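What follows is input20.txt (compact mmCIF, C-alpha atoms and all ligand atoms).
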```txt
# COMPACT_ATOMS: atom_id res chain seq x y z
CA MET A 132 -50.05 -108.83 -67.67
CA SER A 133 -52.52 -111.67 -67.07
CA ARG A 134 -55.74 -110.91 -65.25
CA ILE A 135 -57.27 -113.38 -62.83
CA LEU A 136 -60.76 -113.47 -61.36
CA ILE A 137 -60.89 -115.14 -57.94
CA VAL A 138 -64.28 -116.47 -56.81
CA GLU A 139 -63.89 -117.20 -53.10
CA ASP A 140 -66.14 -116.37 -50.16
CA GLU A 141 -63.57 -116.89 -47.38
CA GLU A 142 -62.32 -113.38 -47.01
CA HIS A 143 -58.91 -114.12 -45.50
CA LEU A 144 -58.15 -116.75 -48.11
CA ALA A 145 -59.32 -114.50 -50.95
CA ASN A 146 -57.20 -111.60 -49.71
CA GLY A 147 -54.20 -113.86 -49.18
CA LEU A 148 -54.52 -115.19 -52.73
CA ARG A 149 -54.84 -111.69 -54.12
CA PHE A 150 -51.76 -110.52 -52.23
CA ASN A 151 -49.64 -113.43 -53.41
CA LEU A 152 -50.83 -113.40 -57.01
CA GLU A 153 -50.27 -109.68 -57.28
CA ALA A 154 -46.78 -110.28 -55.95
CA GLU A 155 -46.35 -112.70 -58.88
CA GLY A 156 -47.27 -109.90 -61.26
CA TYR A 157 -50.91 -110.78 -61.94
CA GLN A 158 -53.82 -108.37 -61.95
CA VAL A 159 -56.44 -109.76 -59.59
CA GLU A 160 -60.10 -109.12 -58.97
CA LEU A 161 -62.16 -110.74 -56.21
CA VAL A 162 -65.82 -111.70 -56.07
CA ASP A 163 -67.42 -113.71 -53.27
CA THR A 164 -70.45 -115.36 -54.87
CA GLY A 165 -71.07 -117.52 -57.91
CA GLU A 166 -73.75 -115.15 -59.12
CA SER A 167 -71.41 -112.17 -59.15
CA ALA A 168 -68.78 -114.25 -60.96
CA LEU A 169 -71.32 -115.15 -63.66
CA ASP A 170 -72.37 -111.51 -63.98
CA ARG A 171 -68.78 -110.36 -64.17
CA LEU A 172 -67.81 -112.89 -66.82
CA ARG A 173 -70.94 -112.40 -68.87
CA VAL A 174 -70.49 -108.66 -69.11
CA ASP A 175 -66.77 -108.44 -69.41
CA ALA A 176 -65.28 -111.85 -70.21
CA PRO A 177 -62.27 -110.61 -72.22
CA ALA A 178 -61.17 -108.67 -69.16
CA PHE A 179 -59.86 -111.93 -67.66
CA ASP A 180 -57.39 -114.62 -68.67
CA LEU A 181 -58.15 -117.14 -65.95
CA VAL A 182 -60.66 -117.92 -63.20
CA ILE A 183 -59.97 -119.48 -59.80
CA LEU A 184 -63.28 -120.90 -58.67
CA ASP A 185 -64.08 -122.18 -55.19
CA VAL A 186 -66.63 -124.99 -54.90
CA MET A 187 -68.31 -124.15 -51.60
CA LEU A 188 -69.93 -120.77 -52.14
CA PRO A 189 -73.10 -119.19 -50.78
CA GLY A 190 -75.90 -119.46 -53.35
CA LYS A 191 -74.77 -121.14 -56.54
CA ASP A 192 -71.86 -123.50 -55.87
CA GLY A 193 -68.74 -123.71 -57.99
CA PHE A 194 -69.90 -126.77 -59.94
CA THR A 195 -73.06 -124.94 -61.00
CA VAL A 196 -71.16 -121.78 -61.91
CA MET A 197 -68.70 -123.87 -63.94
CA SER A 198 -71.34 -125.65 -65.98
CA GLU A 199 -73.35 -122.45 -66.55
CA LEU A 200 -70.24 -120.73 -67.86
CA ARG A 201 -69.49 -123.55 -70.27
CA GLN A 202 -73.11 -123.80 -71.39
CA ALA A 203 -72.99 -120.08 -72.13
CA GLY A 204 -70.00 -120.72 -74.41
CA GLN A 205 -67.51 -119.15 -72.02
CA PHE A 206 -64.35 -121.25 -72.21
CA ILE A 207 -61.96 -119.19 -70.12
CA PRO A 208 -59.35 -121.41 -68.41
CA THR A 209 -60.69 -122.27 -64.97
CA LEU A 210 -59.02 -123.87 -61.99
CA MET A 211 -61.39 -125.15 -59.32
CA LEU A 212 -60.61 -125.26 -55.63
CA THR A 213 -62.33 -128.35 -54.25
CA ALA A 214 -62.95 -128.56 -50.51
CA ARG A 215 -61.75 -132.12 -50.35
CA GLY A 216 -59.42 -134.04 -52.59
CA HIS A 217 -62.07 -136.71 -52.98
CA PRO A 218 -62.00 -138.13 -56.51
CA ASP A 219 -65.76 -137.67 -56.89
CA ASP A 220 -65.38 -133.93 -56.29
CA VAL A 221 -62.49 -133.74 -58.70
CA LEU A 222 -64.41 -135.60 -61.38
CA GLN A 223 -67.52 -133.53 -60.81
CA GLY A 224 -65.38 -130.44 -61.37
CA PHE A 225 -63.92 -131.79 -64.59
CA ALA A 226 -67.34 -132.98 -65.73
CA ALA A 227 -68.66 -129.45 -65.17
CA GLY A 228 -65.92 -128.16 -67.46
CA ALA A 229 -62.98 -127.22 -65.21
CA ASP A 230 -59.50 -127.27 -66.76
CA ASP A 231 -57.67 -128.07 -63.56
CA TYR A 232 -58.32 -128.40 -59.85
CA LEU A 233 -56.56 -128.12 -56.55
CA ALA A 234 -57.79 -129.63 -53.28
CA LYS A 235 -57.90 -127.40 -50.21
CA PRO A 236 -55.75 -126.90 -48.27
CA PHE A 237 -53.14 -126.37 -50.97
CA GLU A 238 -49.57 -125.17 -51.22
CA LEU A 239 -49.41 -121.67 -52.64
CA ALA A 240 -46.42 -122.61 -54.81
CA ILE A 241 -48.45 -125.40 -56.41
CA LEU A 242 -51.34 -123.07 -57.14
CA ILE A 243 -49.01 -120.58 -58.76
CA ALA A 244 -47.40 -123.32 -60.85
CA ARG A 245 -50.81 -124.57 -62.01
CA ILE A 246 -51.90 -121.04 -62.94
CA GLY A 247 -48.69 -120.60 -64.91
CA GLY A 248 -49.33 -123.86 -66.74
CA LEU A 249 -52.88 -122.94 -67.75
CA LEU A 250 -51.87 -119.47 -68.92
CA ARG A 251 -48.92 -120.81 -70.88
CA ARG A 252 -51.20 -123.16 -72.70
CA ARG A 253 -53.49 -120.26 -73.56
CA GLU A 254 -50.53 -118.34 -74.95
CA TRP A 255 -49.51 -121.29 -77.11
CA LEU A 256 -53.02 -121.49 -78.47
CA ARG A 257 -53.04 -117.78 -79.23
CA ALA A 258 -49.64 -118.02 -80.88
CA SER A 259 -50.77 -120.90 -83.08
CA LEU A 260 -53.89 -118.93 -84.03
CA ASP A 261 -51.83 -115.86 -84.88
CA ARG A 262 -49.44 -117.81 -87.05
CA SER A 263 -52.38 -119.65 -88.60
CA ALA A 264 -49.73 -122.09 -89.74
CA THR A 265 -50.50 -125.61 -90.88
CA PRO A 266 -51.06 -127.55 -87.66
CA GLU A 267 -48.90 -130.48 -86.66
CA PRO A 268 -50.25 -133.71 -88.14
CA ASP A 269 -51.05 -135.10 -84.66
CA ALA A 270 -52.85 -131.92 -83.76
CA VAL A 271 -55.87 -132.71 -85.91
CA PHE A 272 -57.85 -135.94 -86.07
CA THR A 273 -60.50 -136.15 -88.78
CA PHE A 274 -63.32 -138.66 -88.96
CA GLY A 275 -66.26 -138.31 -91.34
CA ASP A 276 -67.33 -134.68 -91.43
CA LYS A 277 -65.85 -134.09 -87.98
CA SER A 278 -62.39 -133.04 -86.88
CA VAL A 279 -60.82 -132.68 -83.46
CA HIS A 280 -58.27 -129.85 -83.32
CA PHE A 281 -56.21 -130.70 -80.28
CA ASP A 282 -54.01 -127.66 -80.76
CA LEU A 283 -56.96 -125.27 -80.75
CA LEU A 284 -59.14 -127.25 -78.31
CA GLU A 285 -61.94 -127.35 -80.83
CA LEU A 286 -64.24 -129.93 -82.27
CA ARG A 287 -65.55 -129.04 -85.72
CA VAL A 288 -68.64 -130.69 -87.09
CA ARG A 289 -69.30 -129.42 -90.60
CA LYS A 290 -69.61 -125.64 -90.11
CA GLN A 291 -70.13 -125.84 -86.36
CA VAL A 292 -67.29 -125.30 -83.91
CA PHE A 293 -67.48 -126.63 -80.36
CA PRO A 294 -64.79 -125.40 -77.96
CA LEU A 295 -63.41 -128.25 -75.83
CA THR A 296 -62.06 -128.06 -72.32
CA LEU A 297 -58.58 -129.47 -71.83
CA MET A 298 -60.09 -132.52 -70.14
CA GLU A 299 -62.63 -133.15 -72.89
CA ALA A 300 -59.81 -133.00 -75.41
CA ASN A 301 -57.73 -135.40 -73.31
CA VAL A 302 -60.59 -137.88 -73.01
CA LEU A 303 -61.14 -137.76 -76.77
CA ARG A 304 -57.44 -138.14 -77.46
CA TYR A 305 -57.27 -141.20 -75.22
CA LEU A 306 -60.28 -142.83 -76.89
CA ILE A 307 -58.96 -142.02 -80.36
CA GLN A 308 -55.56 -143.50 -79.49
CA HIS A 309 -57.42 -146.72 -78.66
CA GLU A 310 -59.64 -146.61 -81.75
CA ASP A 311 -61.95 -149.63 -82.17
CA ARG A 312 -60.82 -151.12 -78.85
CA PRO A 313 -62.84 -151.10 -75.62
CA VAL A 314 -61.44 -148.76 -73.00
CA SER A 315 -62.41 -149.32 -69.38
CA ARG A 316 -63.64 -146.52 -67.16
CA LYS A 317 -60.90 -147.44 -64.71
CA ALA A 318 -58.21 -147.05 -67.37
CA MET A 319 -59.62 -143.65 -68.32
CA LEU A 320 -59.59 -142.52 -64.69
CA GLU A 321 -55.99 -143.61 -64.29
CA GLU A 322 -54.57 -142.54 -67.63
CA VAL A 323 -56.50 -139.34 -68.26
CA TRP A 324 -57.16 -138.04 -64.76
CA GLY A 325 -54.30 -139.70 -62.91
CA LEU A 326 -56.71 -141.02 -60.27
CA HIS A 327 -55.82 -144.39 -58.84
CA GLU A 328 -58.24 -144.64 -55.96
CA ASP A 329 -61.41 -146.67 -56.14
CA THR A 330 -63.99 -144.16 -57.08
CA ASP A 331 -67.39 -143.75 -58.57
CA THR A 332 -66.73 -144.00 -62.28
CA ARG A 333 -70.12 -142.58 -63.23
CA ALA A 334 -68.56 -139.13 -63.54
CA ILE A 335 -66.96 -140.43 -66.73
CA ASP A 336 -70.41 -141.18 -68.08
CA ASN A 337 -71.36 -137.52 -67.67
CA PHE A 338 -68.34 -136.63 -69.77
CA MET A 339 -69.41 -139.02 -72.47
CA VAL A 340 -72.92 -137.57 -72.47
CA ARG A 341 -71.43 -134.19 -73.30
CA LEU A 342 -69.03 -135.46 -75.92
CA ARG A 343 -71.86 -137.35 -77.58
CA ARG A 344 -73.92 -134.17 -77.76
CA TYR A 345 -71.12 -132.65 -79.83
CA ILE A 346 -70.23 -135.62 -81.97
CA GLU A 347 -73.28 -137.78 -82.49
CA GLN A 348 -76.07 -136.94 -84.88
CA ASP A 349 -78.43 -138.79 -82.54
CA PRO A 350 -76.80 -138.93 -79.06
CA THR A 351 -79.29 -141.60 -77.92
CA HIS A 352 -78.01 -143.90 -80.68
CA PRO A 353 -74.26 -143.21 -80.70
CA ARG A 354 -72.22 -144.45 -83.64
CA HIS A 355 -68.79 -143.13 -82.66
CA LEU A 356 -68.73 -143.23 -78.86
CA ILE A 357 -70.09 -146.67 -78.18
CA THR A 358 -70.92 -147.99 -74.70
CA VAL A 359 -69.27 -151.33 -73.98
CA ARG A 360 -71.49 -152.82 -71.34
CA GLY A 361 -69.77 -153.56 -68.05
CA VAL A 362 -66.47 -152.14 -69.33
CA GLY A 363 -66.55 -148.61 -70.61
CA TYR A 364 -66.40 -147.14 -74.08
CA ARG A 365 -65.10 -147.69 -77.57
CA PHE A 366 -64.34 -145.05 -80.16
CA VAL A 367 -65.26 -145.90 -83.74
CA ALA A 368 -64.06 -143.46 -86.40
CA SER A 369 -65.88 -145.05 -89.35
CA PRO A 370 -69.05 -146.82 -88.24
CA ASP A 371 -70.05 -147.54 -91.85
CA ARG A 372 -66.85 -149.45 -92.47
CA SER A 373 -67.79 -151.91 -89.71
CA ALA A 374 -71.39 -152.19 -90.91
CA ALA A 375 -71.59 -155.77 -89.66
CA GLY A 376 -71.62 -154.46 -86.07
CA PRO A 377 -74.77 -154.10 -84.02
CA GLU A 378 -74.83 -150.36 -84.65
CA GLY A 379 -74.35 -150.90 -88.39
CA ALA A 380 -76.56 -150.05 -91.35
CA SER A 381 -79.89 -148.46 -90.66
CA CA S 1 -65.80 -121.33 -49.83
```

Starting from the coordinates I provided, produce the structure as structure tokens.
Ligand code: CA
Amino acid sequence: MSRILIVEDEEHLANGLRFNLEAEGYQVELVDTGESALDRLRVDAPAFDLVILDVMLPGKDGFTVMSELRQAGQFIPTLMLTARGHPDDVLQGFAAGADDYLAKPFELAILIARIGGLLRRREWLRASLDRSATPEPDAVFTFGDKSVHFDLLELRVRKQVFPLTLMEANVLRYLIQHEDRPVSRKAMLEEVWGLHEDTDTRAIDNFMVRLRRYIEQDPTHPRHLITVRGVGYRFVASPDRSAAGPEGAS
């Protein structure tokens, strides 16, 4: 039975969610502040399979809680409840490390479907770990001493392993699929996030900052995730091969 931690300060909404999720067969625990969620997950993370995290909370807001969890190496699947469906909020949630989001007010059936999707994915990952079978060829992309394991949501750099959120993995996959070609921020918003509205694309830059911290030896002088001025980004798997470029031999 999957266990869900709900972080929500509106009592009636929290109780309603608990009632309905328990009816779906989940074990549910409620907390009403970000601080108590962080405490709960720090002490007893394996007790939960998924977190539903509200944005507007007294004290630490959901975005802060999300990024503190990820910084602490806690990669439990998390669905954020944003107050508005505004793309900036959505992107801020993803940039903080959320796996999925739902704008309030939401349809209960949709929430339940999203929860099911996130948990299913977790089960697949567990199953593939248990089998420890050879991964599908597409599941791993290797460049230099780094490899992206899409099936395990991991980035491995030599002996180091960085867990990736679903969204980080999707951004990387998209860039890798367009290797050596410039990819616009707008295209990333549309293709990776499914956002078509005009929106502040700077949230993407925050994503890239994080990915560079994992991938680049010197994130201030990226060699793989290159900024294309006025456009977006370009992924280069083998910077040494294109040594004639501006970021070539040093
Ligand atoms: Ca709230």

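Non-sequential neighbours of Val292 (chain A) (distance at most 12 Å, separation of 6 or more positions within a chain, all atoms listed in the file) are Gly204, Lys277, Ser278, Val279, His280, Leu283, Leu284, Glu285, Leu286, Tyr345 and Ile346 of chain A.
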
request  = Select all residues near (-57.7, -116.5, -62.8) (cut-off 8 Å, inclusive, file coordinates), counting all atoms listed in the file, and output them as a PyMOL selection string.
outcome  = chain A and resi 134-137+159+179-183+208-210+246

Residue selection dump (C-alpha atoms) as an mmCIF file, in the coordinates of the input:
```cif
data_model
loop_
_atom_site.group_PDB
_atom_site.id
_atom_site.type_symbol
_atom_site.label_atom_id
_atom_site.label_comp_id
_atom_site.auth_asym_id
_atom_site.auth_seq_id
_atom_site.Cartn_x
_atom_site.Cartn_y
_atom_site.Cartn_z
ATOM 1 C CA ARG A 134 -55.740 -110.910 -65.250
ATOM 2 C CA ILE A 135 -57.270 -113.380 -62.830
ATOM 3 C CA LEU A 136 -60.760 -113.470 -61.360
ATOM 4 C CA ILE A 137 -60.890 -115.140 -57.940
ATOM 5 C CA VAL A 159 -56.440 -109.760 -59.590
ATOM 6 C CA PHE A 179 -59.860 -111.930 -67.660
ATOM 7 C CA ASP A 180 -57.390 -114.620 -68.670
ATOM 8 C CA LEU A 181 -58.150 -117.140 -65.950
ATOM 9 C CA VAL A 182 -60.660 -117.920 -63.200
ATOM 10 C CA ILE A 183 -59.970 -119.480 -59.800
ATOM 11 C CA PRO A 208 -59.350 -121.410 -68.410
ATOM 12 C CA THR A 209 -60.690 -122.270 -64.970
ATOM 13 C CA LEU A 210 -59.020 -123.870 -61.990
ATOM 14 C CA ILE A 246 -51.900 -121.040 -62.940
#
```

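Minimum distance to Met298 (chain A) across A:Asp185, A:Asp230, A:Asp349, A:Glu322 (counting all atoms listed in the file) occurs at A:Asp230.
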
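The smallest atom-to-atom distance between His352 (chain A) and any of A:Val340, A:Leu184, A:Glu299, A:Leu144, using all atoms listed in the file, is found for A:Val340.
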
query = From the set A:Pro236, A:Pro218, A:Ser198, A:Glu160, which residue has the shortest atom-to-atom contact distance to ligand CA 1 (chain S), counting only C-alpha atoms and all ligand atoms?
reply =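 Among the listed residues, the smallest separation from ligand CA 1 (chain S) belongs to A:Pro236.
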
Within-8 Å residues of ligand CA 1 (chain S), basis only C-alpha atoms and all ligand atoms, as a JSON list (two decimals) with C-alpha atoms, keeping the file's coordinate frame:
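Produced file out.json, reproduced below:
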```
[["chain", "number", "residue", "atom", "x", "y", "z"],
["A", 139, "GLU", "CA", -63.89, -117.20, -53.10],
["A", 140, "ASP", "CA", -66.14, -116.37, -50.16],
["A", 141, "GLU", "CA", -63.57, -116.89, -47.38],
["A", 185, "ASP", "CA", -64.08, -122.18, -55.19],
["A", 186, "VAL", "CA", -66.63, -124.99, -54.90],
["A", 187, "MET", "CA", -68.31, -124.15, -51.60],
["A", 188, "LEU", "CA", -69.93, -120.77, -52.14],
["A", 189, "PRO", "CA", -73.10, -119.19, -50.78],
["A", 214, "ALA", "CA", -62.95, -128.56, -50.51]]
```
